[in-house]
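Structure first, then comments.
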Amino acid sequence: MPAAGRRNVTPDEPERPAIHVALGNEADERLYGRVAVGAEEEGIPCRLVPEEGSDAVALAFSAAGSSRLGVGVGVASGRVAVHERHMPAGRPVVATEAGDRAEDACRQAGSNAARLVIGVPLWLLQER
Amino acid sequence: MPAAGRRNVTPDEPERPAIHVALGNEADERLYGRVAVGAEEEGIPCRLVPEEGSDAVALAFSAAGSSRLGVGVGVASGRVAVHERHMPAGRPVVATEAGDRAEDACRQAGSNAARLVIGVPLWLLQER
Amino acid sequence: MSIIVGVDIGNSTTEAAVARIGDDGSPEFLSSGTTMTTGIKGTVENIPGVVQVLEEATEAAGIEISDLDLVLLNEATPVIGDVAMETVTETIVTESSMVGHNPSSPGGKGTGVGRTVHIRDLENGAPPEGPVIVVVPQEYDFEVAAGILARALEAGVEVQAGIVQGNDGVLISNRLPTPLPFVDEVAHVEKVPLGMLAAVEVAPQGQAVRQLSNPYGIATLFSLSPEETTHVIPIAKALVGLRSAVVIRTPAGDVQSKEIPAGSIKFIGENQSLTVELEHGADEIMNTLAQAQPLCDVEGESGTNVGGMIENVRQTMADVTEKPLAEVNIHDVLAVDCLVPQQVVGGIADEFSIESATGLAIMVDTDRLLMERVAETLSEKIGVPVELGGVEANTAILGALTTPGIDVPVAIIDGGAGSTDGAELQKGKPVEHVHLAGAGNMVTLLIKNELGLERFDVAEQIKIHPLAKVESLFHIRHEDNGVQFFEEPLEANLFARVVLVTDDGLVPIDTKHTLDRIRTVRQEAKRKVLVRNGIRVLRHISPSGNIRFLNFVAVVGRLGLDFELPQMLMNELSPFGIVVGVANVRGELGPTNAVATGLIVNYCRRRDDAT
Amino acid sequence: MSIIVGVDIGNSTTEAAVARIGDDGSPEFLSSGTTMTTGIKGTVENIPGVVQVLEEATEAAGIEISDLDLVLLNEATPVIGDVAMETVTETIVTESSMVGHNPSSPGGKGTGVGRTVHIRDLENGAPPEGPVIVVVPQEYDFEVAAGILARALEAGVEVQAGIVQGNDGVLISNRLPTPLPFVDEVAHVEKVPLGMLAAVEVAPQGQAVRQLSNPYGIATLFSLSPEETTHVIPIAKALVGLRSAVVIRTPAGDVQSKEIPAGSIKFIGENQSLTVELEHGADEIMNTLAQAQPLCDVEGESGTNVGGMIENVRQTMADVTEKPLAEVNIHDVLAVDCLVPQQVVGGIADEFSIESATGLAIMVDTDRLLMERVAETLSEKIGVPVELGGVEANTAILGALTTPGIDVPVAIIDGGAGSTDGAELQKGKPVEHVHLAGAGNMVTLLIKNELGLERFDVAEQIKIHPLAKVESLFHIRHEDNGVQFFEEPLEANLFARVVLVTDDGLVPIDTKHTLDRIRTVRQEAKRKVLVRNGIRVLRHISPSGNIRFLNFVAVVGRLGLDFELPQMLMNELSPFGIVVGVANVRGELGPTNAVATGLIVNYCRRRDDAT
Ligand SMILES: Nc1ncnc2c1ncn2[C@@H]1O[C@H](COP(=O)(O)OP(=O)(O)O)[C@@H](O)[C@H]1O
Ligand SMILES: Nc1ncnc2c1ncn2[C@@H]1O[C@H](COP(=O)(O)OP(=O)(O)O)[C@@H](O)[C@H]1O
Ligand SMILES: [Mg+2]
Ligand SMILES: [Mg+2]
């Protein structure tokens with residue numbers, strides 16, 4: 001059985017379990033790539049999913065709902081949130097500022113999302 | 001934090017995470033109770049959810065999709081299936097005949113559904 | 001230029017090395033082969049295996065068997081080892097005085113004390129006086145039982161706790177006005193004596209009983225006198241560490257731990273013969289062996305399992321070498337203590353307890369097997385000349401010397417299935433060698449018995465593959481704590497199971513043991529047998545018995561492939577300041593193929609000396 | 001009728017028992033109380049704690065302090081214990097010859113050998129000859145690095161593996177035409193010598209390196225001579241069990257394990273004085289102690305940590321008893337070996353290695369503390385008569401005797417924080433007692449140091465609470481393998497962490513250790529100190545030193561509350577066939593309140609004798 005994570009998901013593999021990532025209307029598209037590499041280093045693939053909205057937590061919860069892994073990341077309005085579908089909608093697992101150091105924050109969010117999947121303690125150095 | 005499972009779910013607690021159970025159109029309603037006690041002995045509550053259909057596997061998958069625990073049980077057409085939302089829709093975790101000994105089969109399905117939640121090996125003595 | 005093959009027939013595997021000998025007399029290795037040995041080493045039954053390995057190796061070299069100029073066979077070390085285990089203690093519960101099977105989902109929590117009553121006696125109106133413990137056979141549906149108990153409680157009956165046959169402890173407790181402690185899954189609930197004082201204790205999740213595992217706790221609950229408290233000691237001890245338990249105050253009931261006479265062994269030494277009882281344990285057996293050295297022979301008490309095993313091995317060797325029984329002697333014994341789960345006698349709930357056992361490995365060796373017969377028969381069959389190419393210990397050393405970074409003086413530890421062998425070469429001296437009892441098969445037997453497995457091959461798999469725990473349908477946690485994720489869901493029968501990580505995929509182990517318990521058993525078995533014998537071997541063959549005087553030590557044989565054993569050996573030997581590592585035959589084959597390669601090297605060397 | 005209180009001032013806790021003495025002279029117990037001891041036992045600083053416990057206990061009894069007729073204080077055993085630990089080995093990597101920090105997500109798998117080159121030298125056009133190992137500092141974004149490497153590979157450069165500073169091993173390997181092994185998270189990558197031969201090995205998930213942990217494997221990769229192979233032994237040993245590793249062939253580089261001189265201890269006995277070096281280990285220290293018995297005093301080498309600790313304890317006792325230093329003697333020592341994680345000197349990646357350490361507990365006792373002063377001061381403060389009520393050992397026994405099921409002859413083991421005490425009462429004889437070094441505080445220090453924790457209070461919590469692993473946001477697995485499910489999600493900072501299960505909820509432990517490692521350290525610490533001292537105590541006080549002649553043994557003191565220790569003691573003592581259990585003072589208080597209760601019993605007994 002092949003280990004996961006070698007490449008990002010291509011559109012013709014919709015069944016492949018992955019962390020779902022949703023960007024808000026005005027979020028920088030490159031931030032998806034940062035989330036994806038954070039997860040890739042831990043061995044879990046990501047998939048960019050189309051969602052509307054500007055609330056990172058709501059985007060993350062919706063993404064978690066559609067992900068077969070049950071984990072989602074939302075980036076919007078200067079915040080990045082990691083969510084899990086078992087949680088109450090208003091309680092993301094982690095939510096951090098993604099202002100100045102948005103790329104680092106997104107990479108760390110991707111890493112945390114992967115860690116939720118595989119069961120490794122999360123990076124929690126920044127404020128929630 | 002209180003341990004779960006003391007009583008079955010009442011309608012005014014929709015947020016409470018539970019295994020979702022869906023009965024097919026002609027399934028005996030008492031079988032829900034059998035599923036629920038199988039899970040209760042393991043410490044996990046169940047909730048009966050309204051679904052239409054006569055395919056136990058499809059019912060179970062749909063129930064797993066709406067369950068916050070991601071686990072569902074479907075009873076229909078003489079079969080009982082246990083499903084988990086991460087799985088491909090056509091691949092239930094366990095599916096057994098529920099003919100003559102339907103009550104026992106349903107109790108065991110409830111037990112397996114709970115074991116999926118808490119991470120204990122499943123009862124797999126009957127054929128899939 | 002000629003093409004020759006070296007063939008090593010081992011107890012477990014038969015290996016081959018194919019080489020082209022140039023005009024300058026030096027070997028150019030072309031290929032290797034390996035297969036399972038057929039039959040007992042040293043008999044013509046080995047030939048099918050030899051033919052198979054020749055086919056494999058010649059095909060890999062791009063030639064036919066008919067192209068071979070010569071086949072060299074090892075003068076196989078005539079060693080046969082065997083191993084057996086005897087349980088030497090047992091636990092007996094008399095008068096059904098306790099229940100300690102630790103079911104996974106007991107009901108409620110806390111402690112209850114009262115007289116045992118059958119649940120039917122609560123149905124029938126006449127309520128018992130005083131506190132009661134209710135016994136519920138599985139004929140009573142949990143809802144019916146809960147109803148009876150609830151009504152009884154309402155009527156003022158002092159129901160304190162319950163003993164339940166079905167897996168209904170949580171279900172019943174949940175349906176009472178207040179949760180009471182229930183021990184469930186009690187298989188033979190009909191054995192619970194009625195009308196007796198009893199105590200039931202269920203600890204909170206993650207904890208163990210505190211009162212029933214404490215003799216003064218039992219004394220408090222039953223108001224025992226100091227004299228009576230003395231008698232409940234073995235019961236308290238048997239309940240240590242369990243999450244739930246029941247103690248019943250029967251007149252003469254208790255828990256006994258008895259020794260089982262398993263027979264004796266007689267060590268016949270040059271100067272004296274000493275006998276030791278098996279149940280006295282490994283240390284005493286090994287001490288007695290040491291006192292009886294130098295050892296001439298070993299006998300087991302007739303009519304016992306151990307006696308039978310020893311005579312079987314003697315007979316097998318006599319058959320293979322065609323020597324009379326009287327000339328076949330046991331030359332080494334290794335005794336190991338271990339703990340094996342055994343069913344408790346008289347248990348109410350199919351309890352298991354951990355009993356002491358003694359494992360014994362023995363080894364017979366003689367001077368010569370009838371390898372010439374094998375050589376002749378083989379040569380007829382394949383139409384190629386077959387010669388005996390050298391004593392196994394010598395060729396093993398020569399093969400090991402093809403490892404980069406190694407040089408004489410050199411010692412090898414050759415770990416096989418039946419015996420642990422050692423050899424040492426100092427420049428200009430003949431090779432020293434030794435064979436000890438206890439090797440791969442003993443390790444597997446220890447694993448099998450300490451884990452209570454039914455099949456030897458399952459234990460063998462546990463020995464050679466690392467473990468993992470299936471934590472979800474999509475990921476596993478390896479025993480080194482690393483997590484591996486899968487894109488496709490795993491099979492349902494793997495879920496939450498401890499599995500072996502093999503080249504062919506994940507294999508579930510049918511066991512209740514945790515991963516850590518299995519790993520501990522596996523590592524301890526290797527330590528008690530192989531690490532210990534590795535050191536015994538080196539002491540035997542090192543100059544003056546001082547391991548420090550060995551420069552280079554290499555591990556050969558398939559035990560060198562073990563994923564953890566070489567490291568355990570290296571750690572154990574590091575205080576001696578010597579170079580210890582796994583051989584790398586020809587710089588690429590690891591610890592395998594040492595003898596087969598050495599046969600070729602030896603042939604070239606002798607031709608060299610001759611010219 | 002009078003109301004009296006017994007107050008036990010311990011090193012750690014101060015307890016009280018309130019009783020009404022009837023006209024017939026028998027006590028009717030009303031309430032109990034417990035609080036942390038203030039100040040050092042035996043000084044007036046204890047009084048605030050005494051007052052607090054009196055307030056608590058009288059309130060629970062529904063009375064005022066002014067209603068008390070008498071307060072009895074224990075004639076506290078003047079025992080002070082202390083404990084220290086010294087590391088006695090260290091690991092030094094010279095010339096940056098290896099990397100062994102075992103990062104969690106190395107890239108690719110397999111082995112690569114080549115000369116180390118900085119990645120900038122691959123950018124600049126002139127491609128190096130032969131196989132190379134690329135060094136990638138974190139200034140290079142992983143995508144940039146992967147691009148440079150991919151182009152170099154395309155240009156024919158033989159890139160074999162990489163050493164990466166950032167956590168980018170998987171990311172880089174994934175972006176190459178074929179996956180290559182990458183060891184990442186190498187903190188001080190600038191220390192990697194360039195232009196040297198190096199080997200990188202990454203094992204598959206769940207496995208450990210096989211070549212770099214084998215000296216002959218390194219010899220094969222670097223084509224070493226036998227002489228050179230001898231030098232790589234400590235490197236191979238240091239890399240055993242790791243999933244990834246790097247070895248760099250520097251001219252004089254190696255790994256050394258050195259002993260650290262930690263000072264010596266002198267045991268001054270009646271007949272002879274013997275000195276022993278701390279780094280020779282616990283067995284040698286304890287053997288030397290045994291040879292020097294009977295012991296008069298102990299001194300530590302001045303200028304060392306151990307010497308300082310011994311003199312501090314001596315000084316504290318001198319202050320508290322107002323005796324001259326020369327009259328204060330150390331009467332017992334307990335030495336324990338342990339393994340502590342220490343940072344490797346000269347490591348490139350902040351590696352930790354496990355080093356040997358020796359823990360030492362010492363104990364001073366004298367005949368009498370100045371408890372009269374405490375009694376007087378207390379009496380003035382509360383306006384109630386205060387008397388000294390009995391020697392602690394005697395009152396502890398009397399309190400233990402209120403346990404159901406127990407009777408004389410009886411022995412107690414009293415486990416506290418600073419010393420382990422024992423006492424024995426045979427009918428008609430004075431009470432025998434003994435105090436030994438090594439108790440609760442030593443256990444906590446062992447746990448702290450073996451787990452590399454920074455805070456003592458964290459280690460104390462680990463000692464007294466069971467463990468669990470948070471497996472999802474909704475369930476935990478207890479250390480006994482039972483699973484507990486929660487309806488409300490757990491906090492994110494608990495996810496996948498090892499936690500303590502306390503009455504106030506789950507508390508995460510800031511550690512990289514696995515649950516099993518923490519549990520093993522916790523149990524071994526208790527075994528090495530408390531189980532060992534429990535047996536030492538019993539040997540001291542049993543008739544003729546034979547434990548079998550003790551009938552009843554009860555554990556008192558808060559160590560009896562430990563959730564696993566009493567069971568470990570019972571298992572260890574079961575071969576002696578005696579009744580061992582945790583005391584149950586007054587049939588309801590478990591092992592606590594023995595001395596406070598015993599003070600009341602003693603008072604009534606003396607009044608009884610007087611009338
Ligand atoms: N990959 C492996 N890891 C550990 N042990 C192994 C492995 N393969 C075989 N063994 C063990 O090695 C032993 C056989 O060794 P081998 O050198 O073939 O013996 P012989 O020379 O007697 O034929 C058996 O006990 C077997 O269990
Ligand atoms: N619940 C508990 N489980 C295990 N150990 C405990 C518990 N509570 C306290 N301790 C330990 O008991 C010791 C104090 O015992 P105590 O009898 O109060 O001593 P003293 O009589 O010297 O005041 C400390 O080492 C503390 O860590
Ligand atoms: Mg062999
Ligand atoms: Mg005390």
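Here, A, B, ... name the chains of the structure tokens in the order displayed, residue numbers run from 1 inside each chain, and ligands are numbered from 1 in the same displayed order.
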Write out as a PyMOL selection string each polymer residue whose atoms come within 8 Å of range 344-361 of chain C, counting only C-alpha atoms; drop sequence neighbours fewer than 4 positions from it. chain C and resi 81-96+98-101+185-189+191-192+278-279+281-282+333-340+437-438+442+446
For ligand 1, return the neighbouring residues as a list of chain:residue names (distance at most 7 Å; only C-alpha atoms and all ligand atoms). C:Ile9, C:Gly10, C:Asn11, C:Ser12, C:Thr13, C:Thr14, C:Gly415, C:Gly416, C:Ala417, C:Gly418, C:Ala439, C:Gly440, C:Asn441, C:Glu460, C:Lys463, C:Ile464, C:Gly557, C:Arg558, C:Leu559, C:Gly560, C:Leu561, C:Asp562, C:Phe563, C:Thr592
Near chain A, which residues of chain B fall within 7 Å when you count only C-alpha atoms, and what do they look like as a ChimeraX atom specification? /B:68-69,85-86
Those residues with N, CA, C and O atoms, as a PDB file, in the first residue's frame please?
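Written file, part.pdb:
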```pdb
ATOM      1  N   ARG B  68     -22.020  13.037  13.894  1.00  0.00           N
ATOM      2  CA  ARG B  68     -20.805  13.772  14.282  1.00  0.00           C
ATOM      3  C   ARG B  68     -19.662  12.832  14.604  1.00  0.00           C
ATOM      4  O   ARG B  68     -18.509  13.215  14.590  1.00  0.00           O
ATOM      5  N   LEU B  69     -19.983  11.576  14.928  1.00  0.00           N
ATOM      6  CA  LEU B  69     -18.931  10.600  15.178  1.00  0.00           C
ATOM      7  C   LEU B  69     -18.471   9.939  13.885  1.00  0.00           C
ATOM      8  O   LEU B  69     -17.508   9.184  13.881  1.00  0.00           O
ATOM      9  N   ARG B  85     -17.733   7.283   7.661  1.00  0.00           N
ATOM     10  CA  ARG B  85     -17.844   8.244   6.572  1.00  0.00           C
ATOM     11  C   ARG B  85     -16.591   8.402   5.729  1.00  0.00           C
ATOM     12  O   ARG B  85     -16.627   8.962   4.652  1.00  0.00           O
ATOM     13  N   HIS B  86     -15.437   7.923   6.256  1.00  0.00           N
ATOM     14  CA  HIS B  86     -14.220   8.029   5.457  1.00  0.00           C
ATOM     15  C   HIS B  86     -14.149   6.971   4.365  1.00  0.00           C
ATOM     16  O   HIS B  86     -13.293   7.047   3.477  1.00  0.00           O
TER      17      HIS B  86
END
```
Any idea which chain D residues end up within 7 Å of chain B if we count only C-alpha atoms, as JSON, numbers by chain please? {"D": [475, 483, 485, 486, 487]}
File of the preceding selection, N, CA and C atoms, as a PDB file, in the first residue's frame:
```pdb
ATOM      1  N   HIS D 475     -11.707  10.991  22.578  1.00  0.00           N
ATOM      2  CA  HIS D 475     -11.484   9.847  23.454  1.00  0.00           C
ATOM      3  C   HIS D 475     -10.028   9.715  23.853  1.00  0.00           C
ATOM      4  N   VAL D 483     -10.555   2.382  27.105  1.00  0.00           N
ATOM      5  CA  VAL D 483     -10.823   3.597  26.349  1.00  0.00           C
ATOM      6  C   VAL D 483     -11.977   4.361  26.988  1.00  0.00           C
ATOM      7  N   PHE D 485     -14.589   7.644  26.419  1.00  0.00           N
ATOM      8  CA  PHE D 485     -15.127   8.533  25.402  1.00  0.00           C
ATOM      9  C   PHE D 485     -15.733   9.764  26.062  1.00  0.00           C
ATOM     10  N   PHE D 486     -15.603  10.930  25.434  1.00  0.00           N
ATOM     11  CA  PHE D 486     -16.152  12.169  25.979  1.00  0.00           C
ATOM     12  C   PHE D 486     -17.167  12.755  25.017  1.00  0.00           C
ATOM     13  N   GLU D 487     -18.225  13.281  25.557  1.00  0.00           N
ATOM     14  CA  GLU D 487     -19.236  13.877  24.689  1.00  0.00           C
ATOM     15  C   GLU D 487     -18.793  15.230  24.173  1.00  0.00           C
TER      16      GLU D 487
END
```
Selected residue, from D:Leu70, D:Val553, D:Val157, D:Ile330, that lies nearest to chain C when counting only C-alpha atoms: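 Result for the nearest residue to chain C: D:Val553.
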Pick out the residues sitting within 6 Å of range 43-60 of chain C, and hand them over as a PyMOL selection string; count only C-alpha atoms, and ignore anything fewer than 5 positions along from it in its own chain. chain C and resi 31-35+37-38+374
Restricting the output to all heavy atoms, write the selected residues as a compact mmCIF listing (two decimals), in the first residue's frame.
```
# COMPACT_ATOMS: atom_id res chain seq x y z
N SER C 31 26.96 -15.76 -8.74
CA SER C 31 25.59 -15.70 -8.24
C SER C 31 25.48 -16.44 -6.91
O SER C 31 26.42 -17.11 -6.48
CB SER C 31 24.62 -16.33 -9.25
OG SER C 31 24.89 -17.72 -9.34
N SER C 32 24.29 -16.31 -6.28
CA SER C 32 24.00 -17.02 -5.03
C SER C 32 22.60 -17.58 -5.11
O SER C 32 21.81 -17.22 -5.99
CB SER C 32 24.06 -16.06 -3.84
OG SER C 32 25.16 -15.19 -3.92
N GLY C 33 22.29 -18.48 -4.17
CA GLY C 33 20.93 -19.03 -4.11
C GLY C 33 20.63 -19.47 -2.69
O GLY C 33 21.54 -19.74 -1.90
N THR C 34 19.33 -19.56 -2.37
CA THR C 34 18.94 -20.00 -1.04
C THR C 34 17.56 -20.64 -1.08
O THR C 34 16.70 -20.19 -1.83
CB THR C 34 18.96 -18.82 -0.05
OG1 THR C 34 18.53 -19.27 1.22
CG2 THR C 34 18.03 -17.70 -0.50
N THR C 35 17.38 -21.72 -0.30
CA THR C 35 16.09 -22.38 -0.23
C THR C 35 15.95 -23.07 1.12
O THR C 35 16.93 -23.19 1.86
CB THR C 35 15.94 -23.41 -1.37
OG1 THR C 35 14.58 -23.84 -1.43
CG2 THR C 35 16.83 -24.62 -1.12
N THR C 37 15.87 -26.04 3.67
CA THR C 37 16.45 -27.39 3.69
C THR C 37 15.33 -28.43 3.71
O THR C 37 14.35 -28.26 4.42
CB THR C 37 17.34 -27.56 4.93
OG1 THR C 37 18.43 -26.64 4.85
CG2 THR C 37 17.86 -28.98 5.05
N THR C 38 15.51 -29.48 2.93
CA THR C 38 14.54 -30.58 2.93
C THR C 38 15.10 -31.71 3.79
O THR C 38 16.25 -32.09 3.66
CB THR C 38 14.28 -31.09 1.51
OG1 THR C 38 15.55 -31.35 0.87
CG2 THR C 38 13.55 -30.04 0.68
N VAL C 374 25.55 -38.51 1.10
CA VAL C 374 24.78 -37.45 0.43
C VAL C 374 25.52 -37.01 -0.82
O VAL C 374 24.92 -36.82 -1.88
CB VAL C 374 24.59 -36.26 1.40
CG1 VAL C 374 23.83 -35.15 0.70
CG2 VAL C 374 23.86 -36.70 2.65
```
Pull out every residue of chain D sitting within 7 Å of chain C, counting only C-alpha atoms, and send them as a ChimeraX atom specification. /D:205-206,214-216,219-220,223-226,229-230,233,240,404-407,478-480,482,567,579,581-584,587
Report, in Å with one decimal, the straight-line distance from CA of Ile310 in chain D to CA of Ile268 in chain D.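 One can read the CA of Ile310 in chain D to CA of Ile268 in chain D distance as 13.6 Å.
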Two-atom distance - CA of Val170 in chain D, CA of Ala146 in chain D (Å):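 Going from CA of Val170 in chain D over to CA of Ala146 in chain D covers 10.8 Å.
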Separation of CA of Ala17 in chain C from CA of Thr597 in chain C, in Å and rounded to one decimal: 5.6 Å
Fewer than 4 positions away in the same chain doesn't count, so skip those; otherwise give me all residues within 9 Å of Val80 in chain B, counting only C-alpha atoms, as a list in words.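 The contact residues come out as Ala56, Val57, Ala60, Val73, Gly74, Val75, Ala76, Val94, Ala95, Thr96, Glu97, Ala98, Ala102, Ala105, Cys106 and Ala109 of chain B.
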Just want the 10 Å neighbourhood of Tyr140 in chain D, counted on only C-alpha atoms, with same-chain residues fewer than 5 positions away dropped. Output as a list in words.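 So, after excluding close chain neighbours, the residues are Ile119, Arg120, Ala145, Ala146, Ile148, Val164, Gln165 and Gly166 of chain D.
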Which residues in range 111-230 of chain C does DSSP call strand (DSSP E or B)? List them as number ranges by chain. C: 111-118, 131-136, 158-164, 182-183, 197-202
When you look at Ala292 in chain D with a cut-off of 8 Å (counting only C-alpha atoms), what residues show up, excluding the ones that are within fewer than 3 positions of it in the same chain? I need them as an MDAnalysis selection string. chainID D and resid 267:274 288:289 295
DSSP on the backbone: which residues in range 269-350 of chain C end up as alpha helix (DSSP H)? Give the answer as number ranges by chain. C: 282-292, 305-321
Have a look at C:Ala596, C:Leu398, C:Leu378, C:Ile476 and name the one nearest to ligand 3; count only C-alpha atoms and all ligand atoms. C:Ala596
